[in-house]
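**Q** Below you'll find data25.cif; it's mmCIF, C-alpha atoms and all ligand atoms.
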```cif
data_run
loop_
_atom_site.group_PDB
_atom_site.id
_atom_site.type_symbol
_atom_site.label_atom_id
_atom_site.label_comp_id
_atom_site.auth_asym_id
_atom_site.auth_seq_id
_atom_site.Cartn_x
_atom_site.Cartn_y
_atom_site.Cartn_z
ATOM 1 C CA MET M 278 -37.000 2.634 -3.840
ATOM 2 C CA THR M 279 -34.979 4.127 -1.031
ATOM 3 C CA ASN M 280 -32.878 1.984 1.270
ATOM 4 C CA VAL M 281 -35.348 2.185 4.117
ATOM 5 C CA GLU M 282 -38.143 0.943 1.855
ATOM 6 C CA LEU M 283 -35.990 -1.979 0.718
ATOM 7 C CA ILE M 284 -35.572 -3.267 4.270
ATOM 8 C CA ASP M 285 -37.579 -6.333 5.255
ATOM 9 C CA ARG M 286 -38.675 -5.421 8.787
ATOM 10 C CA SER M 287 -39.330 -9.058 9.645
ATOM 11 C CA LYS M 288 -35.687 -9.950 9.039
ATOM 12 C CA LEU M 289 -33.832 -7.182 10.805
ATOM 13 C CA PRO M 290 -30.513 -7.958 12.444
ATOM 14 C CA ARG M 291 -31.198 -7.945 16.185
ATOM 15 C CA HIS M 292 -27.782 -6.607 17.005
ATOM 16 C CA ILE M 293 -25.575 -4.336 14.892
ATOM 17 C CA ALA M 294 -22.005 -3.557 15.957
ATOM 18 C CA ILE M 295 -20.146 -0.628 14.434
ATOM 19 C CA ILE M 296 -16.496 0.414 14.320
ATOM 20 C CA MET M 297 -16.823 4.175 13.961
ATOM 21 C CA ASP M 298 -13.580 4.968 12.162
ATOM 22 C CA GLY M 299 -12.190 7.870 10.159
ATOM 23 C CA ASN M 300 -12.832 10.904 12.360
ATOM 24 C CA GLY M 301 -9.197 12.003 12.242
ATOM 25 C CA ARG M 302 -8.965 11.735 8.454
ATOM 26 C CA TRP M 303 -12.260 13.572 8.038
ATOM 27 C CA ALA M 304 -10.870 16.500 10.049
ATOM 28 C CA LYS M 305 -7.503 16.409 8.282
ATOM 29 C CA GLU M 306 -9.200 16.630 4.881
ATOM 30 C CA ARG M 307 -10.673 19.913 6.101
ATOM 31 C CA GLY M 308 -7.439 21.214 7.558
ATOM 32 C CA LYS M 309 -8.778 20.905 11.093
ATOM 33 C CA LEU M 310 -7.570 19.215 14.270
ATOM 34 C CA ARG M 311 -8.534 15.564 14.795
ATOM 35 C CA VAL M 312 -10.784 16.545 17.699
ATOM 36 C CA PHE M 313 -13.027 18.403 15.258
ATOM 37 C CA GLY M 314 -13.696 15.083 13.532
ATOM 38 C CA HIS M 315 -14.545 13.388 16.809
ATOM 39 C CA LYS M 316 -17.024 16.158 17.598
ATOM 40 C CA ARG M 317 -18.746 15.811 14.246
ATOM 41 C CA GLY M 318 -18.763 12.055 14.777
ATOM 42 C CA VAL M 319 -21.232 12.576 17.624
ATOM 43 C CA ASP M 320 -23.789 13.868 15.075
ATOM 44 C CA SER M 321 -23.423 10.568 13.226
ATOM 45 C CA VAL M 322 -23.944 8.611 16.443
ATOM 46 C CA ARG M 323 -27.196 10.481 17.102
ATOM 47 C CA ASP M 324 -28.520 9.995 13.584
ATOM 48 C CA VAL M 325 -27.541 6.328 13.297
ATOM 49 C CA LEU M 326 -28.975 5.522 16.727
ATOM 50 C CA GLU M 327 -32.276 7.238 15.902
ATOM 51 C CA GLY M 328 -32.310 5.475 12.540
ATOM 52 C CA ALA M 329 -31.859 2.127 14.273
ATOM 53 C CA VAL M 330 -34.636 2.904 16.761
ATOM 54 C CA GLU M 331 -36.911 4.051 13.943
ATOM 55 C CA ILE M 332 -36.839 0.696 12.163
ATOM 56 C CA GLY M 333 -36.737 -1.387 15.352
ATOM 57 C CA VAL M 334 -33.174 -2.677 15.778
ATOM 58 C CA PRO M 335 -33.040 -3.660 19.461
ATOM 59 C CA TYR M 336 -29.266 -3.690 20.020
ATOM 60 C CA LEU M 337 -26.609 -1.310 18.746
ATOM 61 C CA THR M 338 -23.000 -1.474 19.931
ATOM 62 C CA LEU M 339 -20.503 1.250 19.075
ATOM 63 C CA TYR M 340 -16.721 0.991 19.321
ATOM 64 C CA THR M 341 -16.154 4.321 21.020
ATOM 65 C CA PHE M 342 -12.681 4.048 22.524
ATOM 66 C CA SER M 343 -10.358 1.041 22.405
ATOM 67 C CA ALA M 344 -7.847 -0.065 25.021
ATOM 68 C CA GLU M 345 -5.189 0.697 22.380
ATOM 69 C CA ASN M 346 -6.528 4.246 21.979
ATOM 70 C CA TRP M 347 -5.114 5.099 25.432
ATOM 71 C CA ASN M 348 -1.747 5.272 23.665
ATOM 72 C CA ARG M 349 -2.788 8.218 21.478
ATOM 73 C CA PRO M 350 -1.384 11.687 22.235
ATOM 74 C CA LYS M 351 -2.445 12.836 25.707
ATOM 75 C CA LEU M 352 -4.336 15.833 24.328
ATOM 76 C CA GLU M 353 -6.454 13.712 22.013
ATOM 77 C CA VAL M 354 -7.274 11.232 24.793
ATOM 78 C CA ALA M 355 -8.248 14.079 27.113
ATOM 79 C CA ALA M 356 -10.427 15.664 24.424
ATOM 80 C CA LEU M 357 -12.162 12.336 23.746
ATOM 81 C CA MET M 358 -12.912 11.857 27.448
ATOM 82 C CA GLU M 359 -14.255 15.422 27.675
ATOM 83 C CA LEU M 360 -16.408 14.766 24.620
ATOM 84 C CA LEU M 361 -17.758 11.628 26.239
ATOM 85 C CA VAL M 362 -18.774 13.609 29.317
ATOM 86 C CA SER M 363 -20.369 16.478 27.386
ATOM 87 C CA SER M 364 -22.158 14.192 24.904
ATOM 88 C CA ILE M 365 -23.651 12.018 27.621
ATOM 89 C CA GLY M 366 -24.832 15.151 29.400
ATOM 90 C CA LYS M 367 -26.425 16.563 26.252
ATOM 91 C CA GLU M 368 -27.915 13.335 24.895
ATOM 92 C CA THR M 369 -29.567 11.798 27.967
ATOM 93 C CA LYS M 370 -32.856 13.585 27.243
ATOM 94 C CA ARG M 371 -32.918 12.254 23.668
ATOM 95 C CA LEU M 372 -32.091 8.748 24.866
ATOM 96 C CA MET M 373 -35.108 8.948 27.177
ATOM 97 C CA ALA M 374 -37.334 10.298 24.392
ATOM 98 C CA ASN M 375 -36.228 7.481 22.083
ATOM 99 C CA GLY M 376 -36.560 4.716 24.679
ATOM 100 C CA VAL M 377 -32.844 3.932 24.563
ATOM 101 C CA LYS M 378 -31.058 2.210 27.397
ATOM 102 C CA LEU M 379 -27.381 3.061 27.706
ATOM 103 C CA ASN M 380 -24.934 0.258 28.454
ATOM 104 C CA ALA M 381 -21.144 0.052 28.427
ATOM 105 C CA ILE M 382 -18.526 -2.674 28.022
ATOM 106 C CA GLY M 383 -14.760 -2.496 28.485
ATOM 107 C CA ASN M 384 -12.286 -1.857 31.249
ATOM 108 C CA LEU M 385 -14.273 1.059 32.652
ATOM 109 C CA ASP M 386 -12.069 1.314 35.741
ATOM 110 C CA LEU M 387 -9.496 3.054 33.554
ATOM 111 C CA LEU M 388 -11.854 5.912 32.645
ATOM 112 C CA PRO M 389 -11.364 9.264 34.388
ATOM 113 C CA ALA M 390 -13.631 9.498 37.460
ATOM 114 C CA LYS M 391 -15.753 12.251 35.915
ATOM 115 C CA ALA M 392 -16.428 10.310 32.715
ATOM 116 C CA LEU M 393 -17.281 7.171 34.677
ATOM 117 C CA ALA M 394 -19.653 9.103 36.950
ATOM 118 C CA HIS M 395 -21.507 10.630 33.970
ATOM 119 C CA LEU M 396 -21.701 7.267 32.274
ATOM 120 C CA LYS M 397 -23.097 5.541 35.355
ATOM 121 C CA GLN M 398 -25.586 8.331 35.945
ATOM 122 C CA CYS M 399 -26.905 8.080 32.377
ATOM 123 C CA MET M 400 -27.030 4.280 32.578
ATOM 124 C CA GLU M 401 -29.122 4.510 35.737
ATOM 125 C CA GLU M 402 -31.470 7.105 34.270
ATOM 126 C CA THR M 403 -32.083 5.115 31.119
ATOM 127 C CA ALA M 404 -32.098 1.648 32.743
ATOM 128 C CA SER M 405 -35.801 0.973 32.279
ATOM 129 C CA ASN M 406 -35.949 1.950 28.582
ATOM 130 C CA THR M 407 -36.742 -1.000 26.353
ATOM 131 C CA LYS M 408 -36.771 0.041 22.673
ATOM 132 C CA CYS M 409 -33.054 -0.235 22.062
ATOM 133 C CA THR M 410 -29.932 -1.004 24.065
ATOM 134 C CA LEU M 411 -27.043 1.222 23.044
ATOM 135 C CA THR M 412 -23.765 -0.268 24.208
ATOM 136 C CA LEU M 413 -20.632 1.855 24.139
ATOM 137 C CA ALA M 414 -17.400 -0.151 23.979
ATOM 138 C CA LEU M 415 -15.104 2.034 26.048
ATOM 139 C CA SER M 416 -11.524 1.296 27.018
ATOM 140 C CA TYR M 417 -12.468 -1.935 25.289
ATOM 141 C CA SER M 418 -10.241 -4.788 24.162
ATOM 142 C CA SER M 419 -11.733 -8.080 23.101
ATOM 143 C CA ARG M 420 -8.646 -10.029 24.183
ATOM 144 C CA TRP M 421 -8.870 -8.370 27.590
ATOM 145 C CA GLU M 422 -12.539 -9.372 27.771
ATOM 146 C CA ILE M 423 -11.786 -12.982 26.839
ATOM 147 C CA ALA M 424 -8.828 -13.271 29.231
ATOM 148 C CA ASP M 425 -10.971 -11.755 31.982
ATOM 149 C CA ALA M 426 -13.717 -14.316 31.352
ATOM 150 C CA ALA M 427 -11.126 -17.104 31.593
ATOM 151 C CA LYS M 428 -9.895 -15.652 34.873
ATOM 152 C CA LYS M 429 -13.400 -15.508 36.384
ATOM 153 C CA ILE M 430 -14.126 -19.094 35.320
ATOM 154 C CA ALA M 431 -10.804 -20.304 36.767
ATOM 155 C CA GLN M 432 -11.633 -18.591 40.065
ATOM 156 C CA SER M 433 -15.026 -20.310 40.193
ATOM 157 C CA VAL M 434 -13.368 -23.674 39.535
ATOM 158 C CA GLN M 435 -10.812 -22.948 42.254
ATOM 159 C CA GLN M 436 -13.567 -22.145 44.730
ATOM 160 C CA GLY M 437 -15.362 -25.373 43.853
ATOM 161 C CA LEU M 438 -18.374 -23.527 42.377
ATOM 162 C CA LEU M 439 -17.775 -24.970 38.913
ATOM 163 C CA LYS M 440 -16.161 -28.091 37.488
ATOM 164 C CA ALA M 441 -13.762 -27.858 34.542
ATOM 165 C CA ASP M 442 -16.170 -30.171 32.756
ATOM 166 C CA ASP M 443 -18.951 -27.581 33.044
ATOM 167 C CA ILE M 444 -17.073 -25.178 30.765
ATOM 168 C CA ASP M 445 -18.660 -24.980 27.350
ATOM 169 C CA GLU M 446 -19.363 -22.202 24.835
ATOM 170 C CA ALA M 447 -22.545 -21.044 26.558
ATOM 171 C CA LEU M 448 -20.896 -20.855 29.976
ATOM 172 C CA PHE M 449 -17.899 -19.043 28.542
ATOM 173 C CA ALA M 450 -20.139 -16.493 26.823
ATOM 174 C CA GLN M 451 -21.915 -15.865 30.128
ATOM 175 C CA HIS M 452 -18.637 -14.694 31.606
ATOM 176 C CA LEU M 453 -17.945 -12.145 28.876
ATOM 177 C CA ASN M 454 -18.382 -8.501 29.733
ATOM 178 C CA SER M 455 -20.939 -8.189 26.937
ATOM 179 C CA TYR M 456 -23.284 -10.787 28.483
ATOM 180 C CA PRO M 457 -26.313 -10.923 28.106
ATOM 181 C CA LEU M 458 -26.215 -9.092 24.738
ATOM 182 C CA PRO M 459 -26.973 -11.383 21.787
ATOM 183 C CA ASP M 460 -24.140 -11.835 19.282
ATOM 184 C CA PRO M 461 -24.068 -9.130 16.591
ATOM 185 C CA GLU M 462 -25.343 -10.367 13.239
ATOM 186 C CA LEU M 463 -23.937 -7.425 11.313
ATOM 187 C CA MET M 464 -20.657 -5.579 11.870
ATOM 188 C CA ILE M 465 -20.072 -2.325 10.036
ATOM 189 C CA ARG M 466 -16.712 -0.536 9.787
ATOM 190 C CA THR M 467 -16.383 2.875 8.210
ATOM 191 C CA SER M 468 -13.337 4.600 6.671
ATOM 192 C CA GLY M 469 -12.256 1.832 4.311
ATOM 193 C CA GLU M 470 -10.123 -0.072 6.813
ATOM 194 C CA GLN M 471 -10.811 -3.783 6.678
ATOM 195 C CA ARG M 472 -9.847 -5.114 10.067
ATOM 196 C CA ILE M 473 -11.464 -5.982 13.401
ATOM 197 C CA SER M 474 -9.059 -4.019 15.655
ATOM 198 C CA ASN M 475 -9.632 -6.161 18.756
ATOM 199 C CA TYR M 476 -13.430 -5.731 18.672
ATOM 200 C CA LEU M 477 -15.883 -8.431 19.849
ATOM 201 C CA LEU M 478 -13.720 -11.309 18.579
ATOM 202 C CA TRP M 479 -15.801 -14.012 20.258
ATOM 203 C CA GLN M 480 -19.176 -12.393 19.559
ATOM 204 C CA LEU M 481 -18.538 -11.732 15.847
ATOM 205 C CA ALA M 482 -17.854 -15.414 15.100
ATOM 206 C CA TYR M 483 -20.695 -15.566 12.559
ATOM 207 C CA ALA M 484 -21.445 -11.905 11.915
ATOM 208 C CA GLU M 485 -21.729 -10.534 8.391
ATOM 209 C CA LEU M 486 -18.975 -7.963 7.865
ATOM 210 C CA TYR M 487 -19.727 -4.758 5.972
ATOM 211 C CA PHE M 488 -17.043 -2.270 5.054
ATOM 212 C CA THR M 489 -17.652 1.179 3.629
ATOM 213 C CA SER M 490 -15.173 3.822 2.580
ATOM 214 C CA LYS M 491 -17.332 6.590 4.078
ATOM 215 C CA LEU M 492 -15.653 8.304 7.006
ATOM 216 C CA TRP M 493 -17.637 8.133 10.257
ATOM 217 C CA PRO M 494 -18.622 11.848 10.386
ATOM 218 C CA ASP M 495 -20.248 11.392 6.935
ATOM 219 C CA PHE M 496 -22.135 8.230 7.911
ATOM 220 C CA ARG M 497 -25.883 8.678 8.446
ATOM 221 C CA ARG M 498 -28.953 6.522 8.955
ATOM 222 C CA ASP M 499 -29.373 5.982 5.214
ATOM 223 C CA ASP M 500 -25.891 4.412 5.167
ATOM 224 C CA LEU M 501 -26.982 2.149 8.012
ATOM 225 C CA TYR M 502 -30.027 1.195 5.989
ATOM 226 C CA ALA M 503 -27.834 0.428 2.945
ATOM 227 C CA ALA M 504 -25.767 -1.927 5.123
ATOM 228 C CA ILE M 505 -28.918 -3.650 6.373
ATOM 229 C CA VAL M 506 -30.196 -4.086 2.808
ATOM 230 C CA GLU M 507 -26.906 -5.742 1.846
ATOM 231 C CA PHE M 508 -27.061 -7.887 4.994
ATOM 232 C CA GLN M 509 -30.523 -9.080 4.008
ATOM 233 C CA ASN M 510 -29.316 -9.984 0.536
ATOM 234 C CA ARG M 511 -26.573 -12.247 1.801
ATOM 235 C CA GLU M 512 -27.050 -15.975 2.268
ATOM 236 C CA ARG M 513 -26.059 -16.872 5.812
ATOM 237 C CA ARG M 514 -25.200 -20.539 5.590
ATOM 238 C CA PHE M 515 -23.660 -21.298 9.003
ATOM 239 C CA GLY M 516 -21.677 -24.151 7.486
ATOM 240 C CA LEU M 517 -24.605 -25.700 5.616
ATOM 241 C CA THR M 518 -25.051 -25.932 1.868
ATOM 242 C CA SER M 519 -27.325 -23.583 -0.023
ATOM 243 C CA GLU M 520 -29.712 -26.470 -0.759
ATOM 244 C CA GLN M 521 -30.059 -27.317 2.907
ATOM 245 C CA LEU M 522 -31.305 -23.815 3.611
ATOM 246 C CA LYS M 523 -34.219 -24.169 1.198
HETATM 247 C C1 LIG G 601 -12.282 6.780 15.151
HETATM 248 O O1 LIG G 601 -11.641 7.684 14.327
HETATM 249 C C2 LIG G 601 -12.500 7.299 16.539
HETATM 250 C C3 LIG G 601 -11.613 6.703 17.570
HETATM 251 C C4 LIG G 601 -10.777 5.730 17.363
HETATM 252 C C5 LIG G 601 -11.709 7.241 18.906
HETATM 253 P P1 LIG G 601 -10.070 7.826 14.306
HETATM 254 O O2 LIG G 601 -9.666 8.792 15.348
HETATM 255 O O3 LIG G 601 -9.432 6.493 14.404
HETATM 256 O O4 LIG G 601 -9.827 8.447 12.867
HETATM 257 P P2 LIG G 601 -8.722 8.033 11.810
HETATM 258 O O5 LIG G 601 -8.811 6.554 11.630
HETATM 259 O O6 LIG G 601 -7.412 8.440 12.399
HETATM 260 O O7 LIG G 601 -9.078 8.787 10.589
HETATM 261 C C1 LIG G 602 -10.807 1.268 16.341
HETATM 262 O O1 LIG G 602 -10.341 2.306 15.525
HETATM 263 C C2 LIG G 602 -11.291 1.835 17.643
HETATM 264 C C3 LIG G 602 -12.451 2.707 17.562
HETATM 265 C C4 LIG G 602 -13.138 2.990 16.503
HETATM 266 C C5 LIG G 602 -12.884 3.296 18.812
HETATM 267 P P1 LIG G 602 -8.786 2.658 15.424
HETATM 268 O O2 LIG G 602 -8.659 3.719 14.423
HETATM 269 O O3 LIG G 602 -8.250 2.912 16.782
HETATM 270 O O4 LIG G 602 -8.173 1.262 14.924
HETATM 271 P P2 LIG G 602 -6.880 0.973 14.039
HETATM 272 O O5 LIG G 602 -5.745 1.687 14.708
HETATM 273 O O6 LIG G 602 -7.136 1.473 12.670
HETATM 274 O O7 LIG G 602 -6.755 -0.508 14.076
HETATM 275 MG MG MG G 603 -8.923 5.086 13.048
#
```
Translate this file's structure into structure tokens.
**A**
Amino acid sequence: MTNVELIDRSKLPRHIAIIMDGNGRWAKERGKLRVFGHKRGVDSVRDVLEGAVEIGVPYLTLYTFSAENWNRPKLEVAALMELLVSSIGKETKRLMANGVKLNAIGNLDLLPAKALAHLKQCMEETASNTKCTLTLALSYSSRWEIADAAKKIAQSVQQGLLKADDIDEALFAQHLNSYPLPDPELMIRTSGEQRISNYLLWQLAYAELYFTSKLWPDFRRDDLYAAIVEFQNRERRFGLTSEQLK
């Protein structure tokens, strides 16, 4: 049986988060500039997104550009921002055809005005689509997101809108930039690296982690399906014993 046939559609993860890593190495292996890898990575995004829509995964979140990535060489950062603009422009039609709503998390104020304008435009155009929410983590840092939530809560307490005693996990989560997305149940990282790199630290508390050595430009929907099959074969115990789950 193929991976897609092995998937139990009644037990799909509702939210899959991906760290799309390895574009630079993919290009280097071919003697090309890193940007070439980023460009080919867009093909993977398209295929994986359509694969997710096809089986009915309602939330997909992609680590597209981290806060730390601003420190890369200026030329690479500029090329990535240009790619963001051109990809959004080219893909909006397909997002509409696939019923995908575009969303973004991260410190978007740091994006170049042109990239932000394209992003907002696409988000508005796709706002009423309901099949799948595609969230791009852009200029994103999970510690920034958590500190920002703490700041907003502190301000509300200061203004007398909240009491310190009201603060619990649910209220904290409501102040995260990712709210109201459900927590990801499956987190995939490509390229063989086994780290979180400041991604969704709060939200991944109980996610299943899946690492593959495939580089992002080689990753396709069948690889996504393989990750989902493995996810479905794991026993998620949430602190209980195996016997309690039966
Ligand atoms: C991921 O690929 C894309 C971004 C971080 C923007 P990399 O650019 O990190 O590729 P490697 O890890 O250097 O191969
Ligand atoms: C994480 O990848 C960020 C994105 C995929 C956008 P990096 O390649 O930047 O992370 P590190 O440097 O390996 O931790
Ligand atoms: Mg990398």
**Q** Using the file's own x, y and z axes, so that the box edges lie along x, y and z, what centre and edge lengths in Å (one decimal) does a box around every listed atom of ligand LIG 601 (chain G) get when 6 Å is added on each side? Give it as lines of an AutoDock Vina configuration file.
**A**
```
center_x = -10.0
center_y = 7.3
center_z = 14.7
size_x = 17.1
size_y = 15.1
size_z = 20.3
```
**Q** Residues of region 351-452 of chain M within 12 Å of region 320-326 of chain M: nearest atom pair and distance (Å, one decimal) for each, counting only C-alpha atoms, sorted by chain and number, as JSON lines?
**A**
```
{"residue": "M:Leu361", "atom": "CA", "partner": "M:Val322", "partner_atom": "CA", "distance": 12.0}
{"residue": "M:Ser364", "atom": "CA", "partner": "M:Asp320", "partner_atom": "CA", "distance": 10.0}
{"residue": "M:Ile365", "atom": "CA", "partner": "M:Arg323", "partner_atom": "CA", "distance": 11.2}
{"residue": "M:Lys367", "atom": "CA", "partner": "M:Arg323", "partner_atom": "CA", "distance": 11.0}
{"residue": "M:Glu368", "atom": "CA", "partner": "M:Arg323", "partner_atom": "CA", "distance": 8.3}
{"residue": "M:Thr369", "atom": "CA", "partner": "M:Arg323", "partner_atom": "CA", "distance": 11.2}
{"residue": "M:Arg371", "atom": "CA", "partner": "M:Arg323", "partner_atom": "CA", "distance": 8.9}
{"residue": "M:Leu372", "atom": "CA", "partner": "M:Leu326", "partner_atom": "CA", "distance": 9.3}
{"residue": "M:Asn375", "atom": "CA", "partner": "M:Leu326", "partner_atom": "CA", "distance": 9.2}
{"residue": "M:Gly376", "atom": "CA", "partner": "M:Leu326", "partner_atom": "CA", "distance": 11.0}
{"residue": "M:Val377", "atom": "CA", "partner": "M:Leu326", "partner_atom": "CA", "distance": 8.9}
{"residue": "M:Lys378", "atom": "CA", "partner": "M:Leu326", "partner_atom": "CA", "distance": 11.4}
{"residue": "M:Leu379", "atom": "CA", "partner": "M:Leu326", "partner_atom": "CA", "distance": 11.4}
{"residue": "M:Lys408", "atom": "CA", "partner": "M:Leu326", "partner_atom": "CA", "distance": 11.2}
{"residue": "M:Cys409", "atom": "CA", "partner": "M:Leu326", "partner_atom": "CA", "distance": 8.8}
{"residue": "M:Thr410", "atom": "CA", "partner": "M:Leu326", "partner_atom": "CA", "distance": 9.9}
{"residue": "M:Leu411", "atom": "CA", "partner": "M:Leu326", "partner_atom": "CA", "distance": 7.9}
{"residue": "M:Thr412", "atom": "CA", "partner": "M:Leu326", "partner_atom": "CA", "distance": 10.8}
{"residue": "M:Leu413", "atom": "CA", "partner": "M:Val322", "partner_atom": "CA", "distance": 10.8}
```
**Q** May I have the protein, DNA and RNA residues with an atom at most 12 Å from (-14.7, -1.6, 26.5), counting only C-alpha atoms in the file's coordinates, returned as a VMD selection string?
**A** chain M and resid 338 to 347 380 to 388 412 to 423 453 to 455 475 to 477
**Q** For ligand MG 603 (chain G), which residue out of M:Trp479, M:Phe449, M:Trp493, M:Tyr487 is the nearest one, using all atoms listed in the file?
**A**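 Nearest candidate to ligand MG 603 (chain G) out of M:Trp479, M:Phe449, M:Trp493, M:Tyr487: M:Trp493.
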**Q** Could you write out as a ChimeraX atom specification the residues that the PyMOL selection byres (((chain M and resi 491) around 7) and not hetatm) matches in the shown file?
**A** /M:467-469,489-490,492-493,495-496
**Q** Quick one: of M:Lys316, M:Arg472, M:Arg307, M:Lys428, who's nearest to ligand LIG 602 (chain G), counting all atoms listed in the file?
**A**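 Checking each candidate against ligand LIG 602 (chain G), we get M:Arg472 as the closest.
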**Q** Check which residues fall inside 7 Å of ligand MG 603 (chain G) when counting only C-alpha atoms and all ligand atoms, and print them as a VMD selection string.
**A** chain M and resid 298 to 299 301
**Q** So, counting all atoms listed in the file, which residue among M:Leu396, M:Leu517, M:Ile465, M:Val334 is closest to ligand LIG 602 (chain G)?
**A** M:Ile465
**Q** Kindly indicate which residue among M:Leu283, M:Leu289, M:Met278, M:Val354 lies nearest to ligand LIG 601 (chain G), using only C-alpha atoms and all ligand atoms for the distances.
**A**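 That would be M:Val354, the residue with the smallest distance to ligand LIG 601 (chain G).
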**Q** If the PyMOL selection byres (((chain M and resi 286) around 12) and not hetatm) is run on the structure shown, which residues does it catch, given as a ChimeraX atom specification?
**A** /M:281-285,287-291,329,331-334,502,505-506,509
**Q** Take the residues from that selection and put them in a file with C-alpha atoms, as a PDB file, keeping the file's coordinate frame.
**A**
```
ATOM      1  CA  VAL M 281     -35.348   2.185   4.117  1.00  0.00           C
ATOM      2  CA  GLU M 282     -38.143   0.943   1.855  1.00  0.00           C
ATOM      3  CA  LEU M 283     -35.990  -1.979   0.718  1.00  0.00           C
ATOM      4  CA  ILE M 284     -35.572  -3.267   4.270  1.00  0.00           C
ATOM      5  CA  ASP M 285     -37.579  -6.333   5.255  1.00  0.00           C
ATOM      6  CA  SER M 287     -39.330  -9.058   9.645  1.00  0.00           C
ATOM      7  CA  LYS M 288     -35.687  -9.950   9.039  1.00  0.00           C
ATOM      8  CA  LEU M 289     -33.832  -7.182  10.805  1.00  0.00           C
ATOM      9  CA  PRO M 290     -30.513  -7.958  12.444  1.00  0.00           C
ATOM     10  CA  ARG M 291     -31.198  -7.945  16.185  1.00  0.00           C
ATOM     11  CA  ALA M 329     -31.859   2.127  14.273  1.00  0.00           C
ATOM     12  CA  GLU M 331     -36.911   4.051  13.943  1.00  0.00           C
ATOM     13  CA  ILE M 332     -36.839   0.696  12.163  1.00  0.00           C
ATOM     14  CA  GLY M 333     -36.737  -1.387  15.352  1.00  0.00           C
ATOM     15  CA  VAL M 334     -33.174  -2.677  15.778  1.00  0.00           C
ATOM     16  CA  TYR M 502     -30.027   1.195   5.989  1.00  0.00           C
ATOM     17  CA  ILE M 505     -28.918  -3.650   6.373  1.00  0.00           C
ATOM     18  CA  VAL M 506     -30.196  -4.086   2.808  1.00  0.00           C
ATOM     19  CA  GLN M 509     -30.523  -9.080   4.008  1.00  0.00           C
TER      20      GLN M 509
END
```
**Q** Can you spell out as a ChimeraX atom specification the set of residues that the PyMOL selection byres (((chain M and resi 312) around 10) and not hetatm) selects in the structure I just provided?
**A** /M:300-301,304-305,309-311,313-318,352-354,356-357,360
**Q** Atom O6 of ligand LIG 601 (chain G) to CA of Leu337 (chain M): how many Å, to one decimal?
**A**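 Straight-line distance from atom O6 of ligand LIG 601 (chain G) to CA of Leu337 (chain M) works out to 22.4 Å.
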**Q** Closest to ligand LIG 602 (chain G) among M:Ile473, M:Met358, M:Ala503, M:Leu486, using all atoms listed in the file?
**A**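 Using all atoms listed in the file, the shortest distance to ligand LIG 602 (chain G) belongs to M:Ile473.
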